[in-house]
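Novice: Below you'll find the structure I mean.
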Amino acid sequence: MHRLLTFAGLLVSIAAAACGEGQGQAQGEAGGPAAFPPVEVKTITLAARPLPQSTEYVSTIRSLRSITVQPQVEGIVREIFVMAGARVGLGQPLVQIDPDKQQATVTAAESQRLSREADLAFAKQQLARMQKLNDAGAVSLAELEQAETASKNAEAQLAAVQSQIKESQVELQYYRVTAPSAGVVGEIVIRQGDRVTQSTVITTIDQPEGLEAYISVPLERAMDLMPGLTVELLGSDGQVIASDPISFIAPRADDATQTVLVKARLRQMPATIRVMQYVRARIIWTNEPTLAVPIVAVTRLAGQQFVFVAEQNEKGFVARQKAVRLGDVLGEDYIVRGGLEPGARVIVSNVQKLGDGAPVKPS
């Protein structure tokens with residue numbers, strides 16, 4: 001009885017196996033296991049559009065009308081009337097140098113003038129007396145001429161003293177240093193109590209309407225420079241605060257830095273800019289229409305950059321990996337230098353899930 005039960009179980013197992021084999025063959029004949037579903041992706045169609053291609057540098061703001069203020073006399077600084085950064089007008093006092101010594105010179109010259117005036121008055125009286133005596137025949141002509149000479153000498157001595165007084169008074173005015181022009185006061189390098197000479201630099205005065213941006217451009221971009229290219233100055237927030245054309249390109253390179261000096265004259269002075277300030281500057285090389293791809297669409301493998309392009313075949317869309325040459329970054333895009341043509345459908349999402357030839361479903 002036991003043997004009959006075992007034989008019946010064996011028959012059931014063989015039948016089940018045969019049934020499973022038949023079902024597997026039927027499924028294989030129907031096409032095998034189901035294929036992976038296509039990956040849903042977003043695409044953009046490439047088209048050339050105007051894009052400002054630029055390079056950012058650091059510029060220095062300098063003044064075309066920067067005046068160095070130096071005293072015309074020597075002495076001790078008694079008082080400083082202005083502060084660095086202040087706006088001054090023409091003739092406004094800047095510094096007072098101790099004038100006591102020069103004032104004493106003027107006072108002494110004034111006393112000499114009084115003496116010379118008295119001498120001249122006496123000489124004229126003598127001349128008048130000699131003239132009357134000569135008319136009466138009491139003195140000789142030689143004595144009269146001698147009196148005339150004394151009077152002329154007294155006049156000349158008085159004129160010399162008056163000239164000396166005038167010169168001393170003019171020099172006395174130099175002890176108060178005034179602004180030679182209107183503008184903005186630079187750094188004041190002296191302090192109260194310092195001794196200054198005619199070679200001492202007190203400060204500078206810059207006129208705001210004559211500013212230039214100085215930019216040092218590396219030699220590898222020097223060949224692209226030309227007058228008229230736009231220079232944009234950027235504020236701390238990255239916004240454009242001034243836009244002016246290149247007005248000067250140095251004919252020679254700086255041998256120490258291997259750069260070429262470029263200048264752009266500022267037609268209007270932004271309120272946030274000061275002379276000798278460092279400012280971010282951007283040179284716009286071209287605005288020609290060009291291709292660009294989003295940064296998120298680019299992958300890198302072994303130093304080469306790739307993008308995936310959706311291509312259509314008889315079964316649908318597949319992702320094709322394309323090697324590309326990319327240029328500068330503009331905002332959130334790369335400039336395309338090669339590898340792509342207008343009209344290509346570049347995949348910009350789920351790039352990390354793709355491989356070359358993978359089925360995709362563009363949206």
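Going through the structure tokens in order, the chains are called A, B, and so on, while each chain numbers its residues from 1 and the ligands are numbered from 1 in the order shown.
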Residues of region 153-335 of chain A in helix (DSSP H, G or I) according to DSSP, as a PyMOL selection string?
Specialist: chain A and resi 153-173+208-210+219-224+295-297
Novice: Keeping only N, CA and C atoms, write those residues as a tab-separated table (two decimals), in the first residue's frame.
Specialist:
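Saved result, again33.tsv, follows:
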```
chain	number	residue	atom	x	y	z
A	153	ASN	N	66.81	158.68	-4.69
A	153	ASN	CA	67.24	157.50	-3.93
A	153	ASN	C	66.23	157.16	-2.84
A	154	ALA	N	65.70	158.19	-2.19
A	154	ALA	CA	64.70	157.95	-1.14
A	154	ALA	C	63.44	157.32	-1.73
A	155	GLU	N	63.04	157.79	-2.93
A	155	GLU	CA	61.87	157.21	-3.60
A	155	GLU	C	62.12	155.74	-3.96
A	156	ALA	N	63.32	155.45	-4.47
A	156	ALA	CA	63.64	154.07	-4.86
A	156	ALA	C	63.68	153.16	-3.63
A	157	GLN	N	64.24	153.64	-2.54
A	157	GLN	CA	64.29	152.82	-1.33
A	157	GLN	C	62.89	152.56	-0.79
A	158	LEU	N	62.01	153.55	-0.86
A	158	LEU	CA	60.64	153.34	-0.41
A	158	LEU	C	59.93	152.33	-1.31
A	159	ALA	N	60.14	152.42	-2.62
A	159	ALA	CA	59.52	151.47	-3.55
A	159	ALA	C	60.02	150.05	-3.28
A	160	ALA	N	61.30	149.90	-2.97
A	160	ALA	CA	61.86	148.58	-2.68
A	160	ALA	C	61.25	148.00	-1.42
A	161	VAL	N	61.07	148.83	-0.42
A	161	VAL	CA	60.45	148.35	0.83
A	161	VAL	C	59.00	147.96	0.59
A	162	GLN	N	58.29	148.77	-0.20
A	162	GLN	CA	56.89	148.44	-0.49
A	162	GLN	C	56.78	147.13	-1.27
A	163	SER	N	57.70	146.90	-2.20
A	163	SER	CA	57.71	145.63	-2.93
A	163	SER	C	58.01	144.47	-2.00
A	164	GLN	N	58.93	144.68	-1.06
A	164	GLN	CA	59.25	143.63	-0.09
A	164	GLN	C	58.06	143.32	0.79
A	165	ILE	N	57.32	144.37	1.17
A	165	ILE	CA	56.13	144.17	2.00
A	165	ILE	C	55.09	143.36	1.24
A	166	LYS	N	54.88	143.72	-0.02
A	166	LYS	CA	53.89	143.01	-0.84
A	166	LYS	C	54.27	141.55	-0.98
A	167	GLU	N	55.54	141.29	-1.26
A	167	GLU	CA	56.01	139.90	-1.39
A	167	GLU	C	55.83	139.13	-0.10
A	168	SER	N	56.13	139.78	1.03
A	168	SER	CA	55.99	139.12	2.33
A	168	SER	C	54.52	138.83	2.64
A	169	GLN	N	53.65	139.75	2.26
A	169	GLN	CA	52.22	139.54	2.51
A	169	GLN	C	51.67	138.40	1.65
A	170	VAL	N	52.13	138.31	0.38
A	170	VAL	CA	51.72	137.20	-0.48
A	170	VAL	C	52.21	135.88	0.10
A	171	GLU	N	53.45	135.85	0.54
A	171	GLU	CA	53.99	134.61	1.13
A	171	GLU	C	53.26	134.26	2.41
A	172	LEU	N	52.82	135.28	3.14
A	172	LEU	CA	52.07	135.02	4.36
A	172	LEU	C	50.78	134.26	4.06
A	173	GLN	N	50.17	134.54	2.90
A	173	GLN	CA	48.95	133.85	2.52
A	173	GLN	C	49.19	132.36	2.26
A	208	PRO	N	35.30	114.30	-9.43
A	208	PRO	CA	34.53	113.08	-9.75
A	208	PRO	C	34.15	112.94	-11.20
A	209	GLU	N	34.16	114.03	-11.98
A	209	GLU	CA	33.71	113.91	-13.36
A	209	GLU	C	34.81	113.41	-14.28
A	210	GLY	N	35.98	113.08	-13.76
A	210	GLY	CA	37.06	112.61	-14.61
A	210	GLY	C	37.62	111.28	-14.15
A	219	LEU	N	47.52	88.38	-21.32
A	219	LEU	CA	47.93	88.42	-22.72
A	219	LEU	C	47.13	87.47	-23.60
A	220	GLU	N	46.64	86.35	-23.03
A	220	GLU	CA	45.90	85.40	-23.87
A	220	GLU	C	44.59	85.97	-24.39
A	221	ARG	N	44.09	87.03	-23.76
A	221	ARG	CA	42.87	87.68	-24.28
A	221	ARG	C	43.17	89.02	-24.94
A	222	ALA	N	44.44	89.40	-25.00
A	222	ALA	CA	44.80	90.71	-25.54
A	222	ALA	C	44.42	90.84	-27.01
A	223	MET	N	44.48	89.74	-27.76
A	223	MET	CA	44.17	89.80	-29.18
A	223	MET	C	42.69	90.10	-29.43
A	224	ASP	N	41.84	89.84	-28.42
A	224	ASP	CA	40.41	90.09	-28.57
A	224	ASP	C	40.02	91.51	-28.20
A	295	ILE	N	23.62	73.98	-17.25
A	295	ILE	CA	24.67	73.28	-16.50
A	295	ILE	C	24.19	71.92	-16.04
A	296	VAL	N	22.90	71.79	-15.69
A	296	VAL	CA	22.37	70.53	-15.16
A	296	VAL	C	22.34	69.43	-16.21
A	297	ALA	N	22.47	69.79	-17.49
A	297	ALA	CA	22.44	68.78	-18.55
A	297	ALA	C	23.80	68.16	-18.81
```
Novice: What lies within 12 Å of Pro294 (chain A) using only C-alpha atoms, ignoring chain neighbours under 3 positions off, as a ChimeraX atom specification?
Specialist: /A:43-46,291,297-299,307-308,326,328-336,346-349
Novice: List the spatial neighbours of Arg176 (chain A) as a PyMOL selection string - criterion: any atom at most 7 Å away, only C-alpha atoms, same-chain residues fewer than 2 positions off excluded.
Specialist: chain A and resi 93+95-97+173-174+178
Novice: Any idea what's packed within 10 Å of Gly316 (chain A), counting only C-alpha atoms, ignoring anything in its chain fewer than 4 positions away? Could you give it as a list in words?
Specialist: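 So, after excluding close chain neighbours, the residues are Pro38, Ala310, Glu311, Gln312, Pro359, Val360, Lys361 and Pro362 of chain A.
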Novice: Would you export the selected residues with C-alpha atoms as an mmCIF file, in the first residue's frame, please?
Specialist:
```
data_model
loop_
_atom_site.group_PDB
_atom_site.id
_atom_site.type_symbol
_atom_site.label_atom_id
_atom_site.label_comp_id
_atom_site.auth_asym_id
_atom_site.auth_seq_id
_atom_site.Cartn_x
_atom_site.Cartn_y
_atom_site.Cartn_z
ATOM 1 C CA PRO A 38 11.293 54.429 -20.709
ATOM 2 C CA ALA A 310 16.804 62.500 -27.226
ATOM 3 C CA GLU A 311 16.750 60.823 -30.663
ATOM 4 C CA GLN A 312 13.707 59.177 -32.227
ATOM 5 C CA PRO A 359 14.699 54.469 -23.854
ATOM 6 C CA VAL A 360 13.291 57.811 -22.770
ATOM 7 C CA LYS A 361 9.950 59.544 -22.802
ATOM 8 C CA PRO A 362 10.439 63.281 -23.465
#
```
Novice: According to DSSP computed on the backbone, where in region 6-155 of chain A is there strand (DSSP E or B)? Give the residues as a PyMOL selection string.
Specialist: chain A and resi 39-41+43-45+49-50+53-63+66-69+75-80+87-88+93-97
Novice: Suppose you want the space between CA of Val58 (chain A) and CA of Ile215 (chain A); what is it in Å?
Specialist: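 The value is 6.6 Å.
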Novice: So that I can check the surroundings of Lys353 (chain A), please list as number ranges by chain every protein, DNA and RNA residue that reaches within 10 Å of it, counting only C-alpha atoms and ignoring chain neighbours fewer than 3 positions away.
Specialist: A: 39, 41, 349-350, 358
Novice: Kindly save the residues from that selection, with N, CA and C atoms included, as a JSON list (two decimals), in the first residue's frame.
Specialist:
```json
[["chain", "number", "residue", "atom", "x", "y", "z"],
["A", 39, "VAL", "N", 12.45, 56.12, -19.40],
["A", 39, "VAL", "CA", 12.61, 57.12, -18.34],
["A", 39, "VAL", "C", 11.97, 58.43, -18.81],
["A", 41, "VAL", "N", 11.78, 62.20, -19.11],
["A", 41, "VAL", "CA", 12.80, 63.26, -19.07],
["A", 41, "VAL", "C", 12.21, 64.54, -19.63],
["A", 349, "SER", "N", 16.82, 66.59, -17.46],
["A", 349, "SER", "CA", 16.40, 66.02, -16.18],
["A", 349, "SER", "C", 16.66, 64.52, -16.18],
["A", 350, "ASN", "N", 16.80, 63.96, -14.97],
["A", 350, "ASN", "CA", 17.06, 62.53, -14.78],
["A", 350, "ASN", "C", 18.29, 62.06, -15.57],
["A", 358, "ALA", "N", 19.50, 54.28, -23.84],
["A", 358, "ALA", "CA", 18.39, 54.00, -22.93],
["A", 358, "ALA", "C", 17.11, 54.60, -23.47]]
```
Novice: Contacts between region 258-280 of chain A and region 153-245 of chain A, please, where a residue of region 153-245 of chain A counts if it comes within 6 Å (with only C-alpha atoms); show its shortest atom pair and distance in Å to one decimal, rows by chain and ascending number, as CSV.
Specialist:
```
residue,atom,partner,partner_atom,distance
A:Leu211,CA,A:Leu266,CA,5.6
A:Glu212,CA,A:Arg265,CA,4.3
A:Ala213,CA,A:Ala264,CA,5.2
A:Tyr214,CA,A:Lys263,CA,4.8
A:Ile215,CA,A:Val262,CA,5.1
A:Ser216,CA,A:Leu261,CA,4.7
A:Val217,CA,A:Val260,CA,5.2
A:Pro218,CA,A:Thr259,CA,4.4
A:Leu219,CA,A:Thr259,CA,5.3
A:Leu233,CA,A:Arg280,CA,5.9
A:Leu234,CA,A:Arg280,CA,5.3
A:Pro245,CA,A:Ala264,CA,5.9
```
Novice: As an exercise, work out the distance from CA of Arg325 (chain A) to CA of Arg337 (chain A) in Å and give it to one decimal place.
Specialist: 5.1 Å
Novice: Any idea what's packed within 7 Å of Val309 (chain A), counting only C-alpha atoms, ignoring anything in its chain fewer than 6 positions away? Could you give it as a PyMOL selection string?
Specialist: chain A and resi 319-321+344-347
Novice: Limited to C-alpha atoms, could you put the picked residues into a file as a PDB file, in the first residue's frame?
Specialist:
```
ATOM      1  CA  ALA A 319      19.095  58.830 -25.130  1.00  0.00           C
ATOM      2  CA  ARG A 320      22.317  59.314 -27.095  1.00  0.00           C
ATOM      3  CA  GLN A 321      25.444  60.480 -25.312  1.00  0.00           C
ATOM      4  CA  ALA A 344      19.043  69.046 -30.963  1.00  0.00           C
ATOM      5  CA  ARG A 345      16.744  67.959 -28.117  1.00  0.00           C
ATOM      6  CA  VAL A 346      19.005  68.078 -25.052  1.00  0.00           C
ATOM      7  CA  ILE A 347      17.859  66.134 -21.980  1.00  0.00           C
TER       8      ILE A 347
END
```
Novice: For a quick check of understanding, using only C-alpha atoms, which of A:Thr286, A:Ser140, A:Thr200, A:Gln207 has the smallest distance to Leu64 (chain A)?
Specialist: A:Gln207
Novice: Using only C-alpha atoms, determine which residues lie at most 12 Å from Gln146 (chain A), disregarding the query and same-chain residues fewer than 6 positions distant; provide the list as number ranges by chain.
Specialist: A: 123-124, 126-127, 130-131, 139-140, 152-153
